[in-house]
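Listing of query-v2.pdb; format and content: PDB, C-alpha atoms.
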ATOM      1  CA  PRO A   1     134.285  84.344  59.949
ATOM      2  CA  VAL A   2     134.987  81.721  62.627
ATOM      3  CA  GLN A   3     137.265  84.152  64.434
ATOM      4  CA  SER A   4     134.579  86.876  64.215
ATOM      5  CA  VAL A   5     131.962  84.570  65.729
ATOM      6  CA  SER A   6     134.374  83.569  68.502
ATOM      7  CA  ALA A   7     135.131  87.230  69.194
ATOM      8  CA  LEU A   8     131.426  88.072  69.413
ATOM      9  CA  GLN A   9     130.821  85.159  71.762
ATOM     10  CA  GLY A  10     133.707  86.324  73.906
ATOM     11  CA  LEU A  11     132.301  89.861  74.094
ATOM     12  CA  LYS A  12     128.898  88.479  75.001
ATOM     13  CA  ILE A  13     130.393  86.444  77.836
ATOM     14  CA  LEU A  14     132.425  89.448  78.982
ATOM     15  CA  PHE A  15     129.639  92.033  79.040
ATOM     16  CA  MET A  16     126.466  90.037  79.656
ATOM     17  CA  PRO A  17     125.639  89.553  83.348
ATOM     18  CA  THR A  18     125.840  86.138  84.957
ATOM     19  CA  ARG A  19     122.553  84.288  85.451
ATOM     20  CA  PRO A  20     122.124  85.459  89.078
ATOM     21  CA  GLY A  21     123.014  88.976  87.941
ATOM     22  CA  ALA A  22     120.454  88.864  85.136
ATOM     23  CA  GLU A  23     117.818  87.549  87.554
ATOM     24  CA  VAL A  24     118.520  90.437  89.945
ATOM     25  CA  LEU A  25     118.238  92.974  87.100
ATOM     26  CA  ALA A  26     114.974  91.446  85.846
ATOM     27  CA  SER A  27     113.473  91.478  89.331
ATOM     28  CA  GLY A  28     114.696  95.011  89.978
ATOM     29  CA  LEU A  29     113.131  96.296  86.754
ATOM     30  CA  GLY A  30     109.785  94.718  87.569
ATOM     31  CA  ALA A  31     109.932  96.114  91.094
ATOM     32  CA  ALA A  32     110.823  99.632  89.904
ATOM     33  CA  VAL A  33     107.808  99.785  87.594
ATOM     34  CA  THR A  34     105.469  98.413  90.258
ATOM     35  CA  ASP A  35     106.780 100.530  93.133
ATOM     36  CA  THR A  36     106.360 103.677  91.049
ATOM     37  CA  LEU A  37     102.708 102.837  90.430
ATOM     38  CA  PHE A  38     102.015 102.207  94.116
ATOM     39  CA  ASN A  39     104.222 104.837  95.741
ATOM     40  CA  PRO A  40     101.173 106.732  97.124
ATOM     41  CA  LEU A  41     100.081 103.688  99.116
ATOM     42  CA  GLU A  42     103.550 103.293 100.645
ATOM     43  CA  MET A  43     103.534 106.961 101.650
ATOM     44  CA  LEU A  44     100.076 106.676 103.246
ATOM     45  CA  LYS A  45     101.121 103.536 105.128
ATOM     46  CA  VAL A  46     104.091 105.398 106.623
ATOM     47  CA  ARG A  47     101.902 108.368 107.583
ATOM     48  CA  VAL A  48      99.469 106.072 109.417
ATOM     49  CA  GLN A  49     102.242 104.205 111.240
ATOM     50  CA  THR A  50     104.045 107.367 112.387
ATOM     51  CA  SER A  51     101.046 109.463 113.467
ATOM     52  CA  GLU A  52      97.521 109.217 114.840
ATOM     53  CA  THR A  53      95.881 109.793 111.475
ATOM     54  CA  THR A  54      93.989 107.326 109.296
ATOM     55  CA  ALA A  55      94.725 106.493 105.664
ATOM     56  CA  PRO A  56      91.649 108.343 104.263
ATOM     57  CA  SER A  57      92.394 111.424 106.397
ATOM     58  CA  ALA A  58      96.052 111.428 105.357
ATOM     59  CA  ALA A  59      95.107 111.040 101.683
ATOM     60  CA  ARG A  60      92.659 113.950 101.850
ATOM     61  CA  ALA A  61      95.185 116.190 103.641
ATOM     62  CA  VAL A  62      97.985 115.419 101.164
ATOM     63  CA  TYR A  63      95.715 115.829  98.138
ATOM     64  CA  ALA A  64      94.412 119.164  99.451
ATOM     65  CA  LYS A  65      97.977 120.429  99.832
ATOM     66  CA  GLY A  66      99.530 119.264  96.569
ATOM     67  CA  GLY A  67      97.134 117.195  94.499
ATOM     68  CA  LEU A  68      98.031 113.915  92.805
ATOM     69  CA  TRP A  69     101.650 114.985  92.297
ATOM     70  CA  LEU A  70     102.248 115.213  96.058
ATOM     71  CA  LEU A  71     100.651 111.794  96.502
ATOM     72  CA  TRP A  72     102.967 110.217  93.903
ATOM     73  CA  SER A  73     106.273 112.064  93.933
ATOM     74  CA  PRO A  74     107.727 111.877  97.489
ATOM     75  CA  GLY A  75     110.718 109.540  97.774
ATOM     76  CA  LEU A  76     110.577 108.276  94.179
ATOM     77  CA  GLN A  77     114.360 108.446  93.701
ATOM     78  CA  ALA A  78     114.940 106.379  96.832
ATOM     79  CA  THR A  79     112.142 104.038  95.744
ATOM     80  CA  TRP A  80     113.865 103.336  92.400
ATOM     81  CA  VAL A  81     117.223 102.684  94.068
ATOM     82  CA  ARG A  82     115.483 100.402  96.539
ATOM     83  CA  SER A  83     113.752  98.464  93.773
ATOM     84  CA  PHE A  84     117.022  97.334  92.177
ATOM     85  CA  CYS A  85     119.186  97.048  95.291
ATOM     86  CA  VAL A  86     116.655  95.469  97.642
ATOM     87  CA  THR A  87     113.728  93.840  95.836
ATOM     88  CA  GLY A  88     116.045  92.925  92.976
ATOM     89  CA  LEU A  89     118.246  90.964  95.364
ATOM     90  CA  ARG A  90     115.379  89.574  97.449
ATOM     91  CA  VAL A  91     113.443  88.139  94.513
ATOM     92  CA  GLY A  92     116.271  87.764  91.985
ATOM     93  CA  LEU A  93     118.506  85.625  94.178
ATOM     94  CA  TYR A  94     115.689  83.389  95.414
ATOM     95  CA  PRO A  95     115.981  80.804  92.599
ATOM     96  CA  THR A  96     119.764  80.579  93.123
ATOM     97  CA  VAL A  97     119.531  80.204  96.900
ATOM     98  CA  LYS A  98     116.636  77.761  96.543
ATOM     99  CA  ALA A  99     118.758  75.619  94.243
ATOM    100  CA  LEU A 100     121.639  75.718  96.728
ATOM    101  CA  VAL A 101     119.519  74.492  99.644
ATOM    102  CA  GLY A 102     117.520  72.054  97.513
ATOM    103  CA  ALA A 103     114.260  73.745  98.458
ATOM    104  CA  ASP A 104     111.675  71.073  97.674
ATOM    105  CA  SER A 105     109.985  71.362 101.075
ATOM    106  CA  LEU A 106     108.071  74.315 102.489
ATOM    107  CA  GLY A 107     110.637  74.686 105.267
ATOM    108  CA  ARG A 108     113.482  75.024 102.782
ATOM    109  CA  LYS A 109     111.506  77.465 100.651
ATOM    110  CA  LEU A 110     110.939  79.576 103.771
ATOM    111  CA  ALA A 111     114.654  79.379 104.567
ATOM    112  CA  ALA A 112     115.632  80.424 101.037
ATOM    113  CA  GLY A 113     113.251  83.373 101.148
ATOM    114  CA  ALA A 114     114.462  84.432 104.585
ATOM    115  CA  ALA A 115     118.086  84.241 103.427
ATOM    116  CA  THR A 116     117.583  86.522 100.416
ATOM    117  CA  GLY A 117     115.517  88.914 102.527
ATOM    118  CA  ALA A 118     118.148  89.111 105.239
ATOM    119  CA  LEU A 119     120.896  89.595 102.634
ATOM    120  CA  SER A 120     119.088  92.564 101.107
ATOM    121  CA  SER A 121     118.411  94.186 104.492
ATOM    122  CA  ALA A 122     121.894  95.744 104.806
ATOM    123  CA  LEU A 123     121.213  97.692 101.596
ATOM    124  CA  ALA A 124     117.581  98.281 102.544
ATOM    125  CA  ASN A 125     118.231 100.122 105.795
ATOM    126  CA  PRO A 126     119.841 103.366 104.506
ATOM    127  CA  ILE A 127     117.453 103.581 101.558
ATOM    128  CA  ASP A 128     114.409 102.874 103.712
ATOM    129  CA  MET A 129     115.506 105.442 106.298
ATOM    130  CA  VAL A 130     115.706 108.211 103.695
ATOM    131  CA  ARG A 131     112.468 107.141 102.008
ATOM    132  CA  THR A 132     110.626 106.890 105.336
ATOM    133  CA  ARG A 133     111.690 110.425 106.321
ATOM    134  CA  LEU A 134     110.458 111.781 102.983
ATOM    135  CA  HIS A 135     107.145 109.927 103.205
ATOM    136  CA  ALA A 136     106.518 110.865 106.851
ATOM    137  CA  GLN A 137     106.749 114.606 106.149
ATOM    138  CA  VAL A 138     104.241 114.641 103.297
ATOM    139  CA  GLY A 139     101.426 117.058 104.122
ATOM    140  CA  LEU A 140     103.390 118.425 107.086
ATOM    141  CA  PRO A 141     105.995 121.221 107.368
ATOM    142  CA  THR A 142     108.865 120.205 105.063
ATOM    143  CA  ARG A 143     112.063 119.113 106.825
ATOM    144  CA  TYR A 144     113.851 117.711 103.778
ATOM    145  CA  ALA A 145     113.800 119.398 100.388
ATOM    146  CA  SER A 146     115.070 116.348  98.496
ATOM    147  CA  THR A 147     116.390 112.806  98.788
ATOM    148  CA  ALA A 148     119.969 114.101  98.993
ATOM    149  CA  ALA A 149     118.985 116.657 101.633
ATOM    150  CA  ALA A 150     117.410 113.956 103.792
ATOM    151  CA  ALA A 151     120.529 111.767 103.516
ATOM    152  CA  LEU A 152     122.876 114.655 104.395
ATOM    153  CA  SER A 153     120.700 115.692 107.336
ATOM    154  CA  ILE A 154     120.832 112.190 108.785
ATOM    155  CA  VAL A 155     124.621 111.990 108.426
ATOM    156  CA  ARG A 156     125.269 115.445 109.877
ATOM    157  CA  GLY A 157     122.716 115.456 112.665
ATOM    158  CA  GLU A 158     122.361 111.876 113.845
ATOM    159  CA  GLY A 159     125.839 110.472 114.300
ATOM    160  CA  GLY A 160     127.474 110.079 110.909
ATOM    161  CA  VAL A 161     127.180 107.433 108.227
ATOM    162  CA  GLY A 162     126.668 104.690 110.808
ATOM    163  CA  SER A 163     123.301 106.188 111.714
ATOM    164  CA  PHE A 164     121.938 104.870 108.415
ATOM    165  CA  TRP A 165     121.968 101.403 109.956
ATOM    166  CA  ARG A 166     120.019 102.301 113.099
ATOM    167  CA  GLY A 167     117.105  99.884 113.354
ATOM    168  CA  LEU A 168     118.883  97.287 111.221
ATOM    169  CA  GLY A 169     117.471  94.532 113.409
ATOM    170  CA  ALA A 170     113.889  95.513 112.567
ATOM    171  CA  THR A 171     114.741  95.956 108.889
ATOM    172  CA  ALA A 172     116.458  92.567 108.711
ATOM    173  CA  ALA A 173     113.536  90.897 110.498
ATOM    174  CA  ARG A 174     111.033  92.624 108.231
ATOM    175  CA  GLN A 175     112.901  91.678 105.046
ATOM    176  CA  ALA A 176     113.444  88.073 106.146
ATOM    177  CA  LEU A 177     109.823  87.590 107.244
ATOM    178  CA  LEU A 178     108.359  89.273 104.168
ATOM    179  CA  SER A 179     110.632  87.399 101.804
ATOM    180  CA  SER A 180     110.097  83.997 103.413
ATOM    181  CA  GLY A 181     106.325  84.387 103.674
ATOM    182  CA  GLN A 182     105.771  85.919 100.246
ATOM    183  CA  LEU A 183     108.252  83.983  98.111
ATOM    184  CA  ALA A 184     107.725  80.601  99.780
ATOM    185  CA  SER A 185     103.931  80.888  99.527
ATOM    186  CA  TYR A 186     104.113  82.100  95.910
ATOM    187  CA  ASP A 187     106.460  79.273  94.952
ATOM    188  CA  GLY A 188     104.534  76.678  96.964
ATOM    189  CA  LEU A 189     101.115  77.725  95.634
ATOM    190  CA  LYS A 190     102.405  77.625  92.060
ATOM    191  CA  GLN A 191     103.863  74.169  92.622
ATOM    192  CA  ALA A 192     100.618  72.893  94.159
ATOM    193  CA  ALA A 193      98.511  74.401  91.363
ATOM    194  CA  ARG A 194     100.698  72.871  88.657
ATOM    195  CA  GLY A 195     100.435  69.543  90.439
ATOM    196  CA  ALA A 196      96.651  69.867  90.291
ATOM    197  CA  GLY A 197      96.762  70.453  86.537
ATOM    198  CA  ALA A 198      97.118  74.233  86.223
ATOM    199  CA  THR A 199      99.346  75.503  83.436
ATOM    200  CA  GLU A 200     102.179  77.995  83.870
ATOM    201  CA  GLY A 201     101.025  81.427  82.765
ATOM    202  CA  THR A 202      99.812  84.860  83.786
ATOM    203  CA  PRO A 203      96.476  83.739  85.362
ATOM    204  CA  LEU A 204      98.363  81.361  87.647
ATOM    205  CA  HIS A 205     100.954  84.017  88.472
ATOM    206  CA  VAL A 206      98.274  86.603  89.331
ATOM    207  CA  CYS A 207      96.329  84.271  91.634
ATOM    208  CA  CYS A 208      99.413  83.052  93.484
ATOM    209  CA  ALA A 209     100.839  86.563  93.722
ATOM    210  CA  ALA A 210      97.654  87.973  95.302
ATOM    211  CA  ALA A 211      97.626  85.291  97.993
ATOM    212  CA  SER A 212     101.374  85.566  98.643
ATOM    213  CA  GLY A 213     101.132  89.343  99.121
ATOM    214  CA  PHE A 214      98.662  88.919 101.985
ATOM    215  CA  ILE A 215     100.679  86.106 103.563
ATOM    216  CA  GLY A 216     103.932  88.045 103.307
ATOM    217  CA  GLN A 217     102.461  91.160 104.946
ATOM    218  CA  LEU A 218     100.893  89.083 107.710
ATOM    219  CA  PHE A 219     104.306  87.565 108.424
ATOM    220  CA  CYS A 220     106.230  90.831 108.519
ATOM    221  CA  MET A 221     103.758  93.378 109.932
ATOM    222  CA  PRO A 222     105.109  93.660 113.519
ATOM    223  CA  ALA A 223     108.668  94.123 112.243
ATOM    224  CA  ASP A 224     107.360  96.547 109.610
ATOM    225  CA  VAL A 225     105.747  98.770 112.266
ATOM    226  CA  LEU A 226     108.901  98.795 114.413
ATOM    227  CA  LYS A 227     111.088  99.501 111.389
ATOM    228  CA  VAL A 228     109.034 102.469 110.249
ATOM    229  CA  LYS A 229     108.902 104.002 113.744
ATOM    230  CA  VAL A 230     112.643 103.644 114.299
ATOM    231  CA  LEU A 231     113.626 104.879 110.843
ATOM    232  CA  SER A 232     111.328 107.896 111.153
ATOM    233  CA  GLY A 233     113.514 109.075 114.046
ATOM    234  CA  ASP A 234     110.849 108.783 116.766
ATOM    235  CA  HIS A 235     112.661 106.085 118.774
ATOM    236  CA  GLY A 236     116.320 105.482 119.527
ATOM    237  CA  SER A 237     116.378 101.708 119.165
ATOM    238  CA  VAL A 238     114.242  98.744 118.180
ATOM    239  CA  SER A 239     113.950  97.523 121.784
ATOM    240  CA  ALA A 240     112.896 100.987 123.027
ATOM    241  CA  CYS A 241     110.357 101.231 120.225
ATOM    242  CA  LEU A 242     108.955  97.782 121.038
ATOM    243  CA  ARG A 243     108.581  98.644 124.752
ATOM    244  CA  HIS A 244     106.933 101.985 123.976
ATOM    245  CA  THR A 245     104.516 100.423 121.479
ATOM    246  CA  LEU A 246     103.460  97.618 123.818
ATOM    247  CA  GLN A 247     103.065  99.990 126.799
ATOM    248  CA  HIS A 248     100.976 102.573 124.961
ATOM    249  CA  GLU A 249      99.164 100.569 122.277
ATOM    250  CA  GLY A 250      99.338  96.943 123.374
ATOM    251  CA  ALA A 251     100.037  94.048 121.040
ATOM    252  CA  ALA A 252      97.537  95.503 118.564
ATOM    253  CA  GLY A 253      99.954  98.388 118.035
ATOM    254  CA  LEU A 254     102.273  95.997 116.213
ATOM    255  CA  TYR A 255      99.595  95.637 113.543
ATOM    256  CA  ARG A 256      98.820  99.356 113.355
ATOM    257  CA  GLY A 257      98.270 100.302 109.731
ATOM    258  CA  PHE A 258      97.704  96.692 108.677
ATOM    259  CA  LEU A 259      94.822  97.604 106.353
ATOM    260  CA  PRO A 260      96.728 100.222 104.319
ATOM    261  CA  ALA A 261      99.775  97.938 104.388
ATOM    262  CA  VAL A 262      97.773  95.053 102.908
ATOM    263  CA  VAL A 263      95.967  97.385 100.502
ATOM    264  CA  ARG A 264      99.419  98.407  99.280
ATOM    265  CA  GLN A 265     101.181  95.036  99.460
ATOM    266  CA  CYS A 266      98.620  92.843  97.693
ATOM    267  CA  PRO A 267      98.264  94.984  94.547
ATOM    268  CA  VAL A 268     102.039  95.544  94.486
ATOM    269  CA  ILE A 269     102.820  91.824  94.601
ATOM    270  CA  LEU A 270      99.884  91.029  92.286
ATOM    271  CA  VAL A 271     101.427  93.259  89.611
ATOM    272  CA  GLN A 272     105.093  92.798  90.530
ATOM    273  CA  MET A 273     105.428  89.015  90.431
ATOM    274  CA  PRO A 274     103.643  88.429  87.067
ATOM    275  CA  LEU A 275     105.636  91.340  85.608
ATOM    276  CA  ILE A 276     108.916  89.863  86.868
ATOM    277  CA  GLU A 277     107.887  86.472  85.454
ATOM    278  CA  GLN A 278     107.313  88.060  82.033
ATOM    279  CA  ILE A 279     110.608  89.975  82.114
ATOM    280  CA  ARG A 280     112.409  86.758  83.062
ATOM    281  CA  CYS A 281     110.853  84.947  80.105
ATOM    282  CA  VAL A 282     111.798  87.723  77.675
ATOM    283  CA  ALA A 283     115.348  87.588  79.050
ATOM    284  CA  GLY A 284     115.445  83.793  78.571
ATOM    285  CA  LEU A 285     115.592  83.067  82.311
ATOM    286  CA  GLY A 286     112.438  80.967  82.584
ATOM    287  CA  HIS A 287     109.864  81.119  85.375
ATOM    288  CA  ILE A 288     110.641  81.390  89.079
TER     289      ILE A 288
END
Same coordinates, now as structure tokens:
Amino acid sequence: PVQSVSALQGLKILFMPTRPGAEVLASGLGAAVTDTLFNPLEMLKVRVQTSETTAPSAARAVYAKGGLWLLWSPGLQATWVRSFCVTGLRVGLYPTVKALVGADSLGRKLAAGAATGALSSALANPIDMVRTRLHAQVGLPTRYASTAAAALSIVRGEGGVGSFWRGLGATAARQALLSSGQLASYDGLKQAARGAGATEGTPLHVCCAAASGFIGQLFCMPADVLKVKVLSGDHGSVSACLRHTLQHEGAAGLYRGFLPAVVRQCPVILVQMPLIEQIRCVAGLGHI
């Protein structure tokens, strides 16, 4: 019996993920569920940022062409991959990185968030490029029949596999700014609320998540606009895109689509962070 117990413990150690690995999986699962629910808002945000349309006009045009299915389905495969590979890393590694830097201060929380965001950006760029192409064509003549078709088209027509990392600077900036603003504010607001007597639980998570979603999008919006424009194929580089945007739209162009971006980001984070907290508790990982 003792040998059997030891064998089972050994198998558990062998096959169960490490704590950082489990935290990444928990965060990725929460992100996948949330991103599926809010995929239409991401698609509409991309349409607004890559054209002269408005979110209501884009929604009406897409719905008229394909109904609710066309609003929800574009880029879902890429969205699921992104949830585990990008958001999973960005949120899942935050507690580990925070512990490494001893993030008791706001500055260190911001640094920990920026570090996990920047780390995930290398994986984010190819996935975001494919997803952006699929979202940008919704309601327009179809260029890509599927996720795989979009990826192959980019490789064959735009300079090989390396083209997947075009605009990496904007993606890295966007991920770092979003992650630092959202995670540091979420963590800091929770800490302040607990210090004022609030108890850990879903109401606290929801309130802090809603505020952190707005703060995170405010932080990352200029980089988000540049990233979407570059990944859509409209501009050759981040610097060229920045010059073109400032010349033709002014500084306000860097916040183009802010309303649909916030309308998407706040509900996403409001659902995503409490869901991740619950998954972490079920998995025995504790709260963020």
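Among A:Glu200, A:Glu158, A:Glu277, A:Asp187, the residue with the shortest atom-to-atom distance to A:Gly233, counting only C-alpha atoms, is A:Glu158.
Among the candidate residues A:Ser27, A:Asn125, A:Gln77, A:Thr50, the one lying nearest to A:Leu93 is A:Ser27, with distances computed using only C-alpha atoms.
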Review point. Quick one: residues within 12 Å of A:Val263, only C-alpha atoms counted, chain neighbours fewer than 3 positions away excluded, as an NGL selection string?
Key: :A and (38 or 40-42 or 44-45 or 55 or 210 or 213-214 or 217 or 257-260 or 266-270)
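Between A:Ala58 and the residues A:Ala251, A:Leu71, A:Val86, A:Ala240, the shortest atom-to-atom distance, using all atoms listed in the file, involves A:Leu71.
For A:Ser232, the residues within 8 Å (counting only C-alpha atoms, excluding itself and residues fewer than 5 positions away along the chain) are A:Thr50, A:Met129, A:Thr132, A:Arg133, A:Ala136.
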Review point. In file coordinates, which residues lie within 10 Å of (104.4, 111.6, 91.9) using all atoms listed in the file, given as a VMD selection string?
Key: chain A and resid 36 to 40 67 to 76
Exercise for review: Determine the residue set returned by the PyMOL selection byres ((chain A and resi 203) around 12) for the present structure, and present it as a ChimeraX atom specification.
Suggested key: /A:190,193,198-202,204-210,270-271,273-275,277
Check your understanding: Evaluating the PyMOL selection byres ((chain A and resi 32) around 8) on the displayed file yields which residues, as a PyMOL selection string?
Key -> chain A and resi 28-31+33-36+79-80+83-84
Exercise for review: Enumerate, as a PyMOL selection string, the residues matched when the PyMOL selection byres ((chain A and resi 112) around 10) is run on the file above.
Suggested key: chain A and resi 90+93-103+106-111+113-118+176+179-180+183-184
